[in-house]
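Report on the following structure.
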Amino acid sequence: MKLILIGEEHSRRTDYLKKAAGSLNIQLDVICWNKLQEDFPIKSLDNAFVKIDPPCYQTIRLSHMQSLLAEYQKTLQKLMQADCHFLNSPEAIWQLLDKKRTKEYLQKHNIPATQMFSEDIQEPEQLISQMHENHCYSVFVKPRYFSGAAGVAAFRIHPASGKMMLYTSCRLENKELINTKKLSKLSGCSEIIDILEKLLTLGCVVERWHPKADFRGKSYDLRVVFQYGHIAHIVVRQSDGPITNLHLNNQALDVQSLGLDAGMLQNIADICSRATAGFEGLNMSGIDILLEKKTMRPLIIEMNGQGDLIYQDIFGENNIYREQVEKVCRI
Ligand SMILES: Nc1ncnc2c1ncn2[C@@H]1O[C@H](COP(=O)(O)OP(=O)(O)OP(=O)(O)O)[C@@H](O)[C@H]1O
Ligand SMILES: [Mg+2]
């Protein structure tokens with residue numbers, strides 16, 4: 001069977017999938033994202049095994065990202081017409097990009113997850129009044145469809161004094177939200193309200209800010225790559241601030257160093273298994289999980305249909321990609 005990657009011509013993802021394919025003597029054909037924008041003959045994918053990697057966006061403007069995402073959705077819809085085996089189907093990829101629908105699914109099926117506000121929140125004033133109503137004074141505000149921590153903000157308000165604090169890696173420049181690779185902590189009310197106002201126009205989910213367990217003085221959460229029914233890799237992401245994404249200067253740790261017991265690892269695997277079972281066409285998922293401080297209860301933060309790029313794995317054994325290629329040999 002033909003193995004096809006839809007992705008970038010040169011990227012870590014492409015290079016290491018190629019490497020995995022090469023080590024198993026399988027040829028990998030790469031179709032670049034920009035080719036799919038043109039009149040691409042979708043029939044050429046028929047009967048192949050196809051992996052869809054995310055396109056690389058160069059923009060730092062969040063409003064521009066929003067329009068690129070709309071184009072991405074259109075391309076995924078086009079790919080849905082192909083008669084091939086997908087590692088993850090375009091439908092599943094798009095479903096997981098939607099943080100709201102994914103969280104609703106998890107909540108409906110009692111799969112442990114961070115708690116999302118049910119209200120559709122569009123303005124800072126409404127956000128603050130909902131926080132009072134829900135007696136929840138620390139929240140995460142996250143654009144519904146974004147990834148890579150773009151626009152993710154951790155917001156806290158003191159219920160009596162109204163004093164505010166916001167952690168985010170985006171900032172306002174000429175009234176536009178810009179994504180940066182550096183987390184800032186803001187405490188000026190008017191600046192915070194201005195950022196929240198812009199952010200909420202993008203369409204956001206609001207969640208309870210769950211405190212994370214810590215290890216050697218830093219809080220952490222886990223990125224679990226769950227594929228074909230088992231945990232392929234866990235990376236621990238340790239941070240000083242509330243947002244742990246590794247490109248924000250946070251540290252990756254080996255999961256062994258946490259000394260989690262076998263029961264905890266089994267519990268995490270069961271949660272991942274129940275979560276992925278709900279999405280047809282999903283064979284691999286990068287699942288972010290936090291262990292709640294004090295209770296150590298694992299909660300799913302979010303699921304990524306393209307969350308399998310783990311530097312600790314590709315620069316080591318490259319097991320995640322190798323297993324994906326091995327599947328081709330068995331179909
Ligand atoms: N409800 C929450 N409670 C505590 N921490 C959270 C919560 N939601 C998000 N975070 C923190 O913020 C980070 C980014 O959030 P999330 O993973 O939802 O965004 P993302 O942009 O989709 O990230 P990526 O696509 O890179 O995984 C999480 O990894 C976690 O550290
Ligand atoms: Mg994430």
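Starting from 1 in every chain, residues are counted up; chains themselves are A, B, ... following the order of the structure tokens, and ligands are numbered from 1 as listed.
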Please report, as CSV, each residue of chain A lying at most 9 Å from ligand 2, together with the nearest pair of atoms and the separation in Å rounded to one decimal; use only C-alpha atoms and all ligand atoms, and order rows by chain and ascending residue number.
residue,atom,partner,partner_atom_place_in_ligand_line,distance
A:Ser147,CA,ligand 2,1 (Mg),6.7
A:Gly148,CA,ligand 2,1 (Mg),6.6
A:Ala149,CA,ligand 2,1 (Mg),6.6
A:Arg223,CA,ligand 2,1 (Mg),7.8
A:Thr244,CA,ligand 2,1 (Mg),8.5
A:Asn245,CA,ligand 2,1 (Mg),6.9
A:Gly286,CA,ligand 2,1 (Mg),8.3
A:Ile287,CA,ligand 2,1 (Mg),7.5
A:Asp288,CA,ligand 2,1 (Mg),5.6
A:Ile289,CA,ligand 2,1 (Mg),8.8
A:Ile301,CA,ligand 2,1 (Mg),7.1
A:Glu302,CA,ligand 2,1 (Mg),5.9
A:Met303,CA,ligand 2,1 (Mg),7.1
A:Asn304,CA,ligand 2,1 (Mg),7.1
A:Gly307,CA,ligand 2,1 (Mg),8.3
Just-selected residues, N, CA and C atoms written as an mmCIF file, in the first residue's frame:
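For reference, part35.cif as written:
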data_model
loop_
_atom_site.group_PDB
_atom_site.id
_atom_site.type_symbol
_atom_site.label_atom_id
_atom_site.label_comp_id
_atom_site.auth_asym_id
_atom_site.auth_seq_id
_atom_site.Cartn_x
_atom_site.Cartn_y
_atom_site.Cartn_z
ATOM 1 N N SER A 147 -4.488 26.279 18.189
ATOM 2 C CA SER A 147 -3.595 25.335 18.867
ATOM 3 C C SER A 147 -2.260 26.027 19.122
ATOM 4 N N GLY A 148 -1.326 25.297 19.705
ATOM 5 C CA GLY A 148 -0.012 25.869 19.998
ATOM 6 C C GLY A 148 -0.079 26.993 21.024
ATOM 7 N N ALA A 149 -1.051 26.934 21.908
ATOM 8 C CA ALA A 149 -1.247 27.932 22.979
ATOM 9 C C ALA A 149 -1.534 29.337 22.449
ATOM 10 N N ARG A 223 1.720 15.459 28.194
ATOM 11 C CA ARG A 223 1.234 15.230 26.828
ATOM 12 C C ARG A 223 1.365 13.723 26.587
ATOM 13 N N THR A 244 1.902 25.346 30.036
ATOM 14 C CA THR A 244 3.080 24.463 30.030
ATOM 15 C C THR A 244 3.678 24.173 28.646
ATOM 16 N N ASN A 245 3.059 24.693 27.579
ATOM 17 C CA ASN A 245 3.529 24.327 26.226
ATOM 18 C C ASN A 245 5.038 24.520 26.075
ATOM 19 N N GLY A 286 -2.914 13.258 20.557
ATOM 20 C CA GLY A 286 -2.016 13.845 21.556
ATOM 21 C C GLY A 286 -2.903 14.454 22.623
ATOM 22 N N ILE A 287 -2.932 13.822 23.785
ATOM 23 C CA ILE A 287 -3.905 14.226 24.809
ATOM 24 C C ILE A 287 -3.175 14.940 25.945
ATOM 25 N N ASP A 288 -3.605 16.172 26.219
ATOM 26 C CA ASP A 288 -3.008 16.914 27.334
ATOM 27 C C ASP A 288 -3.780 16.571 28.601
ATOM 28 N N ILE A 289 -3.049 16.163 29.618
ATOM 29 C CA ILE A 289 -3.686 15.744 30.873
ATOM 30 C C ILE A 289 -2.982 16.426 32.035
ATOM 31 N N ILE A 301 -7.180 18.013 29.501
ATOM 32 C CA ILE A 301 -7.259 19.448 29.175
ATOM 33 C C ILE A 301 -7.808 19.588 27.758
ATOM 34 N N GLU A 302 -7.217 18.825 26.848
ATOM 35 C CA GLU A 302 -7.685 18.867 25.455
ATOM 36 C C GLU A 302 -7.076 17.704 24.680
ATOM 37 N N MET A 303 -7.638 17.462 23.496
ATOM 38 C CA MET A 303 -7.135 16.392 22.637
ATOM 39 C C MET A 303 -6.731 17.007 21.299
ATOM 40 N N ASN A 304 -5.621 16.519 20.744
ATOM 41 C CA ASN A 304 -5.121 17.044 19.463
ATOM 42 C C ASN A 304 -5.035 15.907 18.446
ATOM 43 N N GLY A 307 -1.332 15.783 17.354
ATOM 44 C CA GLY A 307 -0.417 16.087 18.461
ATOM 45 C C GLY A 307 0.648 15.040 18.703
#
DSSP strand (DSSP E or B) selection over stretch 29-225 of chain A, as number ranges by chain: A: 29-32, 49-52, 61, 85-86, 88, 113, 116, 138-143, 153-157, 164-173, 176-186, 204-208, 212, 214-215, 218-225
Selected residues written out with C-alpha atoms, as a PDB file, in the first residue's frame:
ATOM      1  CA  ASP A  29       5.297  10.330  -0.856  1.00  0.00           C
ATOM      2  CA  VAL A  30       4.849  13.867   0.414  1.00  0.00           C
ATOM      3  CA  ILE A  31       2.092  16.112  -0.877  1.00  0.00           C
ATOM      4  CA  CYS A  32       2.620  19.679   0.194  1.00  0.00           C
ATOM      5  CA  PHE A  49      -2.589   5.132   3.647  1.00  0.00           C
ATOM      6  CA  VAL A  50      -2.665   8.875   4.294  1.00  0.00           C
ATOM      7  CA  LYS A  51      -1.399  10.902   7.209  1.00  0.00           C
ATOM      8  CA  ILE A  52      -2.427  14.544   7.447  1.00  0.00           C
ATOM      9  CA  ARG A  61      -1.821  37.837  13.994  1.00  0.00           C
ATOM     10  CA  HIS A  85      -7.133   4.782   4.845  1.00  0.00           C
ATOM     11  CA  PHE A  86      -6.372   7.783   6.995  1.00  0.00           C
ATOM     12  CA  ASN A  88      -6.699  10.182  11.417  1.00  0.00           C
ATOM     13  CA  ALA A 113     -11.744  16.589  31.999  1.00  0.00           C
ATOM     14  CA  MET A 116     -15.846  24.120  30.860  1.00  0.00           C
ATOM     15  CA  SER A 138      -9.633  31.629  38.195  1.00  0.00           C
ATOM     16  CA  VAL A 139     -10.283  30.616  34.612  1.00  0.00           C
ATOM     17  CA  PHE A 140      -8.669  29.770  31.299  1.00  0.00           C
ATOM     18  CA  VAL A 141      -9.935  31.566  28.210  1.00  0.00           C
ATOM     19  CA  LYS A 142      -8.986  29.750  24.987  1.00  0.00           C
ATOM     20  CA  PRO A 143      -9.878  30.384  21.346  1.00  0.00           C
ATOM     21  CA  ALA A 153      -4.985  33.124  28.667  1.00  0.00           C
ATOM     22  CA  ALA A 154      -5.160  32.345  32.373  1.00  0.00           C
ATOM     23  CA  PHE A 155      -7.263  34.962  34.145  1.00  0.00           C
ATOM     24  CA  ARG A 156      -7.806  35.526  37.848  1.00  0.00           C
ATOM     25  CA  ILE A 157      -9.953  38.077  39.644  1.00  0.00           C
ATOM     26  CA  MET A 164      -7.014  41.134  38.215  1.00  0.00           C
ATOM     27  CA  MET A 165      -4.158  39.066  36.841  1.00  0.00           C
ATOM     28  CA  LEU A 166      -3.695  37.652  33.355  1.00  0.00           C
ATOM     29  CA  TYR A 167      -1.058  35.279  32.007  1.00  0.00           C
ATOM     30  CA  THR A 168      -0.846  35.009  28.254  1.00  0.00           C
ATOM     31  CA  SER A 169       1.618  34.792  25.417  1.00  0.00           C
ATOM     32  CA  CYS A 170      -0.318  37.216  23.218  1.00  0.00           C
ATOM     33  CA  ARG A 171      -0.252  40.987  23.322  1.00  0.00           C
ATOM     34  CA  LEU A 172      -2.102  43.889  21.739  1.00  0.00           C
ATOM     35  CA  GLU A 173      -0.354  45.806  18.993  1.00  0.00           C
ATOM     36  CA  GLU A 176      -4.617  43.589  17.053  1.00  0.00           C
ATOM     37  CA  LEU A 177      -3.771  40.470  19.041  1.00  0.00           C
ATOM     38  CA  ILE A 178      -0.295  39.185  18.255  1.00  0.00           C
ATOM     39  CA  ASN A 179       0.991  35.763  19.232  1.00  0.00           C
ATOM     40  CA  THR A 180       4.409  35.743  20.900  1.00  0.00           C
ATOM     41  CA  LYS A 181       6.544  32.920  22.212  1.00  0.00           C
ATOM     42  CA  LYS A 182       6.879  34.448  25.633  1.00  0.00           C
ATOM     43  CA  LEU A 183       4.472  34.228  28.523  1.00  0.00           C
ATOM     44  CA  SER A 184       3.699  37.559  30.240  1.00  0.00           C
ATOM     45  CA  LYS A 185       1.970  38.289  33.495  1.00  0.00           C
ATOM     46  CA  LEU A 186      -0.226  41.395  33.492  1.00  0.00           C
ATOM     47  CA  CYS A 204     -13.552  31.193  23.071  1.00  0.00           C
ATOM     48  CA  VAL A 205     -14.169  28.460  25.575  1.00  0.00           C
ATOM     49  CA  VAL A 206     -13.865  29.333  29.253  1.00  0.00           C
ATOM     50  CA  GLU A 207     -12.732  26.728  31.752  1.00  0.00           C
ATOM     51  CA  ARG A 208     -12.021  26.454  35.440  1.00  0.00           C
ATOM     52  CA  LYS A 212      -1.630  21.372  38.630  1.00  0.00           C
ATOM     53  CA  ASP A 214       4.112  20.033  41.095  1.00  0.00           C
ATOM     54  CA  PHE A 215       7.473  18.369  40.974  1.00  0.00           C
ATOM     55  CA  LYS A 218       7.420  23.580  39.289  1.00  0.00           C
ATOM     56  CA  SER A 219       3.926  22.646  38.170  1.00  0.00           C
ATOM     57  CA  TYR A 220       3.512  20.189  35.344  1.00  0.00           C
ATOM     58  CA  ASP A 221       1.093  18.438  33.060  1.00  0.00           C
ATOM     59  CA  LEU A 222       1.403  15.592  30.601  1.00  0.00           C
ATOM     60  CA  ARG A 223       1.234  15.230  26.828  1.00  0.00           C
ATOM     61  CA  VAL A 224       0.200  11.652  26.219  1.00  0.00           C
ATOM     62  CA  VAL A 225       0.450  10.279  22.698  1.00  0.00           C
TER      63      VAL A 225
END
Residues of stretch 131-231 of chain A that approach stretch 319-330 of chain A to 12 Å or less, counting only C-alpha atoms: could you list each one with the shortest pair of atoms and its distance in Å to one decimal, rows by chain and increasing residue number, as a tab-separated table?
residue	atom	partner	partner_atom	distance
A:Val224	CA	A:Ile320	CA	11.3
A:Val225	CA	A:Ile320	CA	8.1
A:Phe226	CA	A:Ile320	CA	9.4
A:Gln227	CA	A:Ile320	CA	8.3
A:Tyr228	CA	A:Gln324	CA	8.9
A:Gly229	CA	A:Glu323	CA	12.0
A:His230	CA	A:Ile320	CA	11.1
A:Ile231	CA	A:Ile320	CA	9.7
Residues just named, written with N, CA and C atoms as a compact mmCIF listing (two decimals), in the first residue's frame:
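Heads up, here's the output in out27.txt:
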# COMPACT_ATOMS: atom_id res chain seq x y z
N VAL A 224 0.22 13.10 26.42
CA VAL A 224 0.20 11.65 26.22
C VAL A 224 -0.11 11.38 24.75
N VAL A 225 0.79 10.68 24.07
CA VAL A 225 0.45 10.28 22.70
C VAL A 225 -0.16 8.89 22.79
N PHE A 226 -1.44 8.82 22.44
CA PHE A 226 -2.18 7.57 22.55
C PHE A 226 -2.50 7.13 21.13
N GLN A 227 -1.96 6.00 20.71
CA GLN A 227 -2.29 5.55 19.35
C GLN A 227 -2.52 4.05 19.31
N TYR A 228 -3.44 3.67 18.44
CA TYR A 228 -3.80 2.27 18.26
C TYR A 228 -4.00 1.57 19.61
N GLY A 229 -4.73 2.26 20.51
CA GLY A 229 -5.17 1.63 21.76
C GLY A 229 -4.16 1.56 22.87
N HIS A 230 -3.02 2.22 22.72
CA HIS A 230 -2.07 2.19 23.84
C HIS A 230 -1.31 3.52 23.94
N ILE A 231 -0.67 3.71 25.09
CA ILE A 231 0.14 4.92 25.25
C ILE A 231 1.47 4.69 24.52
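Near A:Gln251, within a cut-off of 9 Å and counting only C-alpha atoms, sit the residues Val236, Arg237, Gln238, Ser239, Thr244, Asn245, Leu246, Asn249 and Leu253 of chain A, with same-chain residues fewer than 2 positions away left out.
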Gap from atom CA of A:Leu199 to atom 2 (C, counted along the ligand's line) of ligand 1 - Å, one decimal: 16.7 Å
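Closest to ligand 1 among A:Gly203, A:Gly316, A:Pro211, A:Pro124 is A:Pro211, based on only C-alpha atoms and all ligand atoms.
When only C-alpha atoms and all ligand atoms are used to measure the gap to ligand 1, the shortest distance among A:Ala232, A:Ile192, A:Leu5, A:Ala213 belongs to A:Ala213.
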A:Leu127 surroundings by only C-alpha atoms, 10 Å radius, close-in-sequence under 4 positions cut, as a PyMOL selection string: chain A and resi 117+119-123+131-133+139+141+196-197+200+206
Contacts of A:Pro112 at 9 Å (only C-alpha atoms; same-chain gap of 2+ positions) as number ranges by chain: A: 106-107, 109-110, 114-115, 271, 297-300
Length of the atom CA of A:Cys272 to atom CA of A:Gly305 vector [Å]: 12.8 Å
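If you measure from each of A:Pro242, A:Gly259, A:Pro54, A:Gly188 to A:Leu309 using only C-alpha atoms, the closest one turns out to be A:Pro54.
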Contacts of A:Ala21 at 9 Å (only C-alpha atoms; same-chain gap of 2+ positions) as a list in words: Leu3, Tyr16, Leu17, Lys18, Lys19, Ser23, Leu24, Asn25, Ile26, Gln27, Leu28, Tyr321, Arg322, Val325 and Glu326 of chain A
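Using only C-alpha atoms, the protein and nucleic acid residues lying no more than 8 Å from A:Asp98, apart from those fewer than 3 places from it along its own chain, are Trp94, Gln95, Arg101, Thr102, Arg144 and Tyr145 of chain A.
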Please produce a file of those selected residues containing N, CA and C atoms, as a short mmCIF file (atom, residue, chain, number, x, y, z; two decimals), in the first residue's frame.
data_model
loop_
_atom_site.label_atom_id
_atom_site.label_comp_id
_atom_site.auth_asym_id
_atom_site.auth_seq_id
_atom_site.Cartn_x
_atom_site.Cartn_y
_atom_site.Cartn_z
N TRP A 94 -10.72 17.66 12.42
CA TRP A 94 -11.47 18.91 12.60
C TRP A 94 -12.28 18.88 13.90
N GLN A 95 -12.86 17.72 14.20
CA GLN A 95 -13.66 17.63 15.44
C GLN A 95 -12.82 17.95 16.67
N ARG A 101 -16.72 21.38 21.26
CA ARG A 101 -17.42 20.11 21.00
C ARG A 101 -16.71 18.94 21.67
N THR A 102 -15.38 18.98 21.66
CA THR A 102 -14.62 17.89 22.28
C THR A 102 -14.91 17.84 23.77
N ARG A 144 -11.54 28.87 20.53
CA ARG A 144 -12.17 27.56 20.35
C ARG A 144 -11.41 26.62 19.42
N TYR A 145 -10.80 27.19 18.35
CA TYR A 145 -10.20 26.32 17.33
C TYR A 145 -8.67 26.40 17.23
#
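Of the residues under consideration (A:Gly151, A:Pro41, A:Gly22, A:Pro55), A:Gly151 shows the shortest atom-to-atom contact distance to ligand 1 when counting only C-alpha atoms and all ligand atoms.
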Residues of stretch 19-203 of chain A in alpha helix (DSSP H), written as number ranges by chain: A: 19-23, 33-37, 62-79, 90-97, 99-108, 124-133, 189-201
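Between atom CA of A:Ser285 and atom CA of A:Ser44 there is a distance of 26.1 Å.
Minimum distance to A:Lys103 across A:Leu69, A:Glu317, A:Gly281, A:Ala275 (counting only C-alpha atoms) occurs at A:Ala275.
Distances to ligand 1 were evaluated for A:Leu96, A:Ala277, A:Ile268, A:Ala150 using only C-alpha atoms and all ligand atoms, and the minimum falls at A:Ala150.
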